[in-house]
>>> print(open('work_11.cif').read())   # mmCIF, C-alpha atoms
data_run
#
loop_
_atom_site.label_atom_id
_atom_site.label_comp_id
_atom_site.auth_asym_id
_atom_site.auth_seq_id
_atom_site.Cartn_x
_atom_site.Cartn_y
_atom_site.Cartn_z
CA PHE A 17 -20.14 0.51 24.24
CA LEU A 18 -16.91 -0.63 22.67
CA GLU A 19 -14.82 2.19 21.28
CA PRO A 20 -11.15 2.17 20.25
CA SER A 21 -10.23 4.28 23.28
CA ASN A 22 -11.72 1.89 25.85
CA VAL A 23 -10.76 -1.57 24.58
CA GLU A 24 -7.54 -3.59 24.37
CA LEU A 25 -6.99 -6.60 22.11
CA PHE A 26 -4.71 -9.45 23.20
CA ILE A 27 -3.84 -12.43 21.00
CA VAL A 28 -1.90 -15.47 22.18
CA ASN A 29 0.57 -17.04 19.76
CA TYR A 30 2.38 -20.38 19.84
CA ARG A 31 4.78 -20.27 16.87
CA ARG A 32 1.99 -20.09 14.29
CA HIS A 33 3.05 -17.06 12.32
CA ASN A 34 0.74 -17.48 9.31
CA GLU A 35 -2.28 -17.92 11.56
CA VAL A 36 -1.51 -14.93 13.77
CA ARG A 37 -0.90 -12.72 10.72
CA ALA A 38 -4.37 -13.58 9.36
CA THR A 39 -6.01 -13.18 12.78
CA VAL A 40 -4.44 -9.75 13.37
CA ALA A 41 -5.55 -8.62 9.91
CA GLY A 42 -9.08 -9.87 10.60
CA TRP A 43 -9.35 -8.02 13.88
CA LEU A 44 -7.90 -4.80 12.47
CA ASP A 45 -10.13 -4.96 9.39
CA SER A 46 -13.21 -5.34 11.62
CA PHE A 47 -12.58 -2.60 14.23
CA PRO A 48 -10.24 0.42 14.52
CA PHE A 49 -8.14 -0.84 17.43
CA GLU A 50 -5.53 1.59 18.67
CA SER A 51 -3.16 -1.31 19.33
CA VAL A 52 -2.87 -5.07 19.13
CA ASN A 53 -0.98 -6.91 21.86
CA ILE A 54 0.42 -10.31 21.01
CA ILE A 55 1.58 -12.61 23.79
CA ASP A 56 4.28 -14.57 21.97
CA ASN A 57 4.84 -17.69 24.02
CA HIS A 58 8.04 -18.79 22.29
CA SER A 59 9.72 -15.45 21.52
CA SER A 60 10.11 -16.15 17.82
CA LEU A 61 7.59 -13.64 16.47
CA THR A 62 8.76 -10.43 14.77
CA LEU A 63 6.91 -7.51 13.18
CA ASP A 64 7.97 -8.48 9.65
CA VAL A 65 5.37 -11.30 9.79
CA PHE A 66 2.53 -8.73 9.63
CA ARG A 67 1.11 -6.48 6.93
CA GLU A 68 3.14 -3.30 6.69
CA GLN A 69 0.11 -1.08 7.41
CA ASP A 70 -0.52 -2.93 10.69
CA ARG A 71 2.99 -2.97 12.16
CA ASN A 72 2.80 0.40 13.91
CA ARG A 73 -0.15 -0.83 16.03
CA ILE A 74 1.34 -4.18 17.03
CA ASN A 75 3.00 -4.74 20.41
CA ILE A 76 4.72 -8.13 20.72
CA MET A 77 5.08 -9.27 24.32
CA HIS A 78 7.68 -12.05 24.39
CA ASN A 79 6.83 -14.68 26.98
CA PRO A 80 9.57 -17.32 26.61
CA ARG A 81 8.83 -20.88 27.66
CA PRO A 82 10.62 -24.22 27.44
CA LYS A 83 10.20 -25.80 23.99
CA TRP A 84 7.98 -28.58 25.34
CA MET A 85 5.52 -26.17 26.97
CA LEU A 86 2.59 -24.89 24.95
CA GLY A 87 1.78 -22.34 27.61
CA SER A 88 -0.98 -21.62 30.02
CA LEU A 89 -3.94 -19.76 28.57
CA ALA A 90 -5.19 -18.91 32.06
CA GLU A 91 -1.85 -17.21 32.72
CA CYS A 92 -2.02 -15.38 29.38
CA TRP A 93 -5.57 -14.14 29.97
CA ASN A 94 -4.60 -12.89 33.44
CA MET A 95 -1.66 -11.06 31.85
CA ALA A 96 -4.08 -9.42 29.42
CA TYR A 97 -6.36 -8.39 32.30
CA CYS A 98 -3.39 -6.91 34.22
CA HIS A 99 -2.36 -4.80 31.25
CA THR A 100 -5.90 -3.72 30.34
CA PHE A 101 -7.85 -2.90 33.45
CA THR A 102 -5.48 -0.22 34.72
CA SER A 103 -6.56 2.08 31.89
CA LYS A 104 -9.32 0.51 29.73
CA ASP A 105 -12.83 -0.83 30.33
CA TRP A 106 -12.84 -3.82 27.95
CA VAL A 107 -10.42 -6.57 26.97
CA ILE A 108 -10.72 -8.89 24.00
CA CYS A 109 -8.72 -12.09 24.36
CA SER A 110 -8.22 -14.12 21.21
CA GLN A 111 -6.33 -17.20 20.20
CA ASP A 112 -4.15 -16.89 17.11
CA ASP A 113 -6.27 -18.86 14.64
CA VAL A 114 -9.57 -17.00 14.61
CA ILE A 115 -11.68 -15.82 11.67
CA ILE A 116 -13.35 -12.53 12.58
CA ALA A 117 -16.88 -11.71 11.42
CA PRO A 118 -17.46 -8.00 10.76
CA GLY A 119 -20.11 -6.44 12.99
CA TRP A 120 -19.13 -8.33 16.15
CA ASP A 121 -18.57 -5.03 17.97
CA LYS A 122 -22.13 -3.83 17.33
CA LEU A 123 -23.57 -7.09 18.69
CA VAL A 124 -21.50 -6.77 21.86
CA SER A 125 -22.21 -3.06 22.34
CA ARG A 126 -25.98 -3.40 22.17
CA SER A 127 -26.37 -6.61 24.18
CA GLY A 128 -25.61 -5.31 27.67
CA TYR A 129 -23.63 -8.31 28.95
CA THR A 130 -20.34 -7.85 30.78
CA THR A 131 -18.63 -11.05 29.62
CA TYR A 132 -18.77 -13.05 26.35
CA PHE A 133 -17.43 -16.40 25.17
CA ALA A 134 -17.61 -17.52 21.52
CA PRO A 135 -17.32 -19.45 19.24
CA LYS A 136 -15.58 -22.27 21.17
CA GLY A 137 -14.50 -22.11 24.78
CA ASP A 138 -12.01 -19.31 25.27
CA MET A 139 -11.10 -19.09 21.58
CA VAL A 140 -12.38 -15.52 21.87
CA HIS A 141 -13.67 -14.00 25.04
CA ILE A 142 -14.50 -10.42 25.82
CA ASN A 143 -14.59 -9.13 29.36
CA SER A 144 -15.39 -5.76 30.86
CA ILE A 145 -14.01 -4.26 34.03
CA GLU A 146 -17.44 -4.95 35.57
CA GLY A 147 -17.20 -8.60 34.55
CA PHE A 148 -13.70 -8.81 35.96
CA LYS A 149 -14.83 -7.31 39.27
CA SER A 150 -17.60 -9.92 39.44
CA PHE A 151 -15.72 -12.99 38.20
CA GLY A 152 -12.06 -12.29 39.01
CA TRP A 153 -8.92 -13.94 37.75
CA TRP A 154 -8.47 -17.12 35.76
CA ASP A 155 -7.22 -20.05 37.83
CA GLU A 156 -3.60 -20.55 36.77
CA ARG A 157 -3.50 -23.97 38.40
CA PHE A 158 -5.02 -25.22 35.12
CA ARG A 159 -1.66 -25.75 33.36
CA THR A 160 -3.11 -27.40 30.29
CA ILE A 161 -4.56 -25.74 27.22
CA PHE A 162 -7.97 -27.25 27.91
CA TYR A 163 -10.59 -26.78 30.60
CA GLN A 164 -9.41 -23.50 32.12
CA GLU A 165 -12.35 -21.84 30.36
CA SER A 166 -14.78 -24.37 31.84
CA ASP A 167 -13.71 -23.33 35.32
CA TYR A 168 -14.06 -19.63 34.50
CA ILE A 169 -17.39 -20.04 32.70
CA LEU A 170 -18.84 -22.11 35.57
CA ARG A 171 -17.79 -19.45 38.09
CA CYS A 172 -19.44 -16.78 35.90
CA LEU A 173 -22.65 -18.78 35.62
CA LYS A 174 -22.70 -19.45 39.35
CA SER A 175 -22.20 -15.85 40.47
CA ALA A 176 -24.03 -13.74 37.84
CA PRO A 177 -25.61 -15.70 34.96
CA GLU A 178 -27.58 -12.68 33.78
CA PHE A 179 -24.36 -10.87 32.80
CA ILE A 180 -22.66 -13.52 30.67
CA SER A 181 -23.22 -14.61 27.08
CA ILE A 182 -21.87 -18.00 25.99
CA CYS A 183 -22.00 -19.44 22.50
CA ASP A 184 -19.74 -22.49 22.76
CA HIS A 185 -19.83 -24.76 19.73
CA HIS A 186 -17.68 -27.52 21.18
CA HIS A 187 -19.27 -30.96 21.04
CA TRP A 188 -20.96 -30.23 24.40
CA SER A 189 -22.57 -27.13 22.83
CA HIS A 190 -22.97 -24.87 25.85
CA MET A 191 -25.28 -21.96 25.10
CA HIS A 192 -26.40 -19.28 27.55
CA ASN A 193 -27.82 -15.84 26.66
CA HIS A 194 -26.49 -16.39 23.16
#
>>> encode(input="work_11.cif", output="structure tokens")
Amino acid sequence: FLEPSNVELFIVNYRRHNEVRATVAGWLDSFPFESVNIIDNHSSLTLDVFREQDRNRINIMHNPRPKWMLGSLAECWNMAYCHTFTSKDWVICSQDDVIIAPGWDKLVSRSGYTTYFAPKGDMVHINSIEGFKSFGWWDERFRTIFYQESDYILRCLKSAPEFISICDHHHWSHMHNH
């Protein structure tokens, strides 16, 4: 079950301050996270962007990159896994432009899967330490901001399809245990 003491939230940000502010508020309004970790891929984000009541729970991790580089989501998700699985059982990885539906935590807690992808690709994915032990790291050789989730999802489906839930509303509409 997901509880504040056993889950970490990581959000990637690429200079979209309005979007990340709304996404952080949505996550915090839907679940009592102890902290929110933001991987800031251009080192321009500051706490004053966020609601005052949220600032004490926000940890900004500056990850500077050249101006032309959007970043590597596979690298960011691996960073989240490194920081989470030394002390927590679950990691939630979110992009910075997500609308959060209340009740998501109850759906995850009662479903019994170890790994989740929704609503599009890796826009949000939730992984447990058990899922990580089964599926491993993201392949950082995917240096684009597309397709790294296809590789990870295919590896999950190949090795343990009974433990993954996918609800991917891209135009290819991949659904599995959704």
>>> closest_residue(input="work_11.cif", among="A:Arg73, A:Cys92, A:Ile108, A:His99", to="Trp120 (chain A)", atoms="all atoms listed in the file")
A:Ile108
>>> closest_residue(input="work_11.cif", among="A:Arg32, A:Asn94, A:Val23, A:Ser88", to="Ser59 (chain A)", atoms="all atoms listed in the file")
A:Arg32
>>> residues_around(input="work_11.cif", residues="Ala117 (chain A)", least_positions_apart="2", cutoff="10 Å", atoms="only C-alpha atoms", output="list in words")
Gly42, Trp43, Asp45, Ser46, Val114, Ile115, Gly119, Trp120 and Asp121 of chain A
>>> resolve_selection(input="work_11.cif", expression="the PyMOL selection byres ((chain A and resi 54-57) around 8)", output="list in words")
Phe26, Ile27, Val28, Asn29, Tyr30, Arg31, Val52, Asn53, His58, Ser59, Ser60, Leu61, Ile74, Asn75, Ile76, Met77, His78, Asn79, Pro80, Arg81, Leu86, Gly87 and Cys92 of chain A
>>> write_last_selection(input="work_11.cif", atoms="C-alpha atoms", output="PDB file, in the coordinates of the input")
ATOM      1  CA  PHE A  26      -4.710  -9.450  23.200  1.00  0.00           C
ATOM      2  CA  ILE A  27      -3.840 -12.430  21.000  1.00  0.00           C
ATOM      3  CA  VAL A  28      -1.900 -15.470  22.180  1.00  0.00           C
ATOM      4  CA  ASN A  29       0.570 -17.040  19.760  1.00  0.00           C
ATOM      5  CA  TYR A  30       2.380 -20.380  19.840  1.00  0.00           C
ATOM      6  CA  ARG A  31       4.780 -20.270  16.870  1.00  0.00           C
ATOM      7  CA  VAL A  52      -2.870  -5.070  19.130  1.00  0.00           C
ATOM      8  CA  ASN A  53      -0.980  -6.910  21.860  1.00  0.00           C
ATOM      9  CA  HIS A  58       8.040 -18.790  22.290  1.00  0.00           C
ATOM     10  CA  SER A  59       9.720 -15.450  21.520  1.00  0.00           C
ATOM     11  CA  SER A  60      10.110 -16.150  17.820  1.00  0.00           C
ATOM     12  CA  LEU A  61       7.590 -13.640  16.470  1.00  0.00           C
ATOM     13  CA  ILE A  74       1.340  -4.180  17.030  1.00  0.00           C
ATOM     14  CA  ASN A  75       3.000  -4.740  20.410  1.00  0.00           C
ATOM     15  CA  ILE A  76       4.720  -8.130  20.720  1.00  0.00           C
ATOM     16  CA  MET A  77       5.080  -9.270  24.320  1.00  0.00           C
ATOM     17  CA  HIS A  78       7.680 -12.050  24.390  1.00  0.00           C
ATOM     18  CA  ASN A  79       6.830 -14.680  26.980  1.00  0.00           C
ATOM     19  CA  PRO A  80       9.570 -17.320  26.610  1.00  0.00           C
ATOM     20  CA  ARG A  81       8.830 -20.880  27.660  1.00  0.00           C
ATOM     21  CA  LEU A  86       2.590 -24.890  24.950  1.00  0.00           C
ATOM     22  CA  GLY A  87       1.780 -22.340  27.610  1.00  0.00           C
ATOM     23  CA  CYS A  92      -2.020 -15.380  29.380  1.00  0.00           C
TER      24      CYS A  92
END
>>> resolve_selection(input="work_11.cif", expression="the PyMOL selection byres ((chain A and resi 39) around 10)", output="PDB file with C-alpha atoms, in the frame of the given file")
ATOM      1  CA  ILE A  27      -3.840 -12.430  21.000  1.00  0.00           C
ATOM      2  CA  HIS A  33       3.050 -17.060  12.320  1.00  0.00           C
ATOM      3  CA  ASN A  34       0.740 -17.480   9.310  1.00  0.00           C
ATOM      4  CA  GLU A  35      -2.280 -17.920  11.560  1.00  0.00           C
ATOM      5  CA  VAL A  36      -1.510 -14.930  13.770  1.00  0.00           C
ATOM      6  CA  ARG A  37      -0.900 -12.720  10.720  1.00  0.00           C
ATOM      7  CA  ALA A  38      -4.370 -13.580   9.360  1.00  0.00           C
ATOM      8  CA  VAL A  40      -4.440  -9.750  13.370  1.00  0.00           C
ATOM      9  CA  ALA A  41      -5.550  -8.620   9.910  1.00  0.00           C
ATOM     10  CA  GLY A  42      -9.080  -9.870  10.600  1.00  0.00           C
ATOM     11  CA  TRP A  43      -9.350  -8.020  13.880  1.00  0.00           C
ATOM     12  CA  LEU A  44      -7.900  -4.800  12.470  1.00  0.00           C
ATOM     13  CA  ASP A  45     -10.130  -4.960   9.390  1.00  0.00           C
ATOM     14  CA  SER A 110      -8.220 -14.120  21.210  1.00  0.00           C
ATOM     15  CA  GLN A 111      -6.330 -17.200  20.200  1.00  0.00           C
ATOM     16  CA  ASP A 112      -4.150 -16.890  17.110  1.00  0.00           C
ATOM     17  CA  ASP A 113      -6.270 -18.860  14.640  1.00  0.00           C
ATOM     18  CA  VAL A 114      -9.570 -17.000  14.610  1.00  0.00           C
ATOM     19  CA  ILE A 115     -11.680 -15.820  11.670  1.00  0.00           C
ATOM     20  CA  ILE A 116     -13.350 -12.530  12.580  1.00  0.00           C
TER      21      ILE A 116
END
>>> residues_around(input="work_11.cif", residues="Phe133 (chain A)", least_positions_apart="4", cutoff="8 Å", atoms="all atoms listed in the file", output="list in words")
Gly137, Asp138, Met139, Val140, His141, Ile142, Ser181, Ile182, Cys183 and Asp184 of chain A
>>> atom_distance(input="work_11.cif", atom1="CA of Pro177 (chain A)", atom2="CA of Val124 (chain A)")
16.4 Å
>>> atom_distance(input="work_11.cif", atom1="CA of Arg67 (chain A)", atom2="CA of Leu18 (chain A)")
24.6 Å
>>> closest_residue(input="work_11.cif", among="A:Val107, A:Asp64, A:Phe158, A:Ser127", to="Asn193 (chain A)", atoms="all atoms listed in the file")
A:Ser127
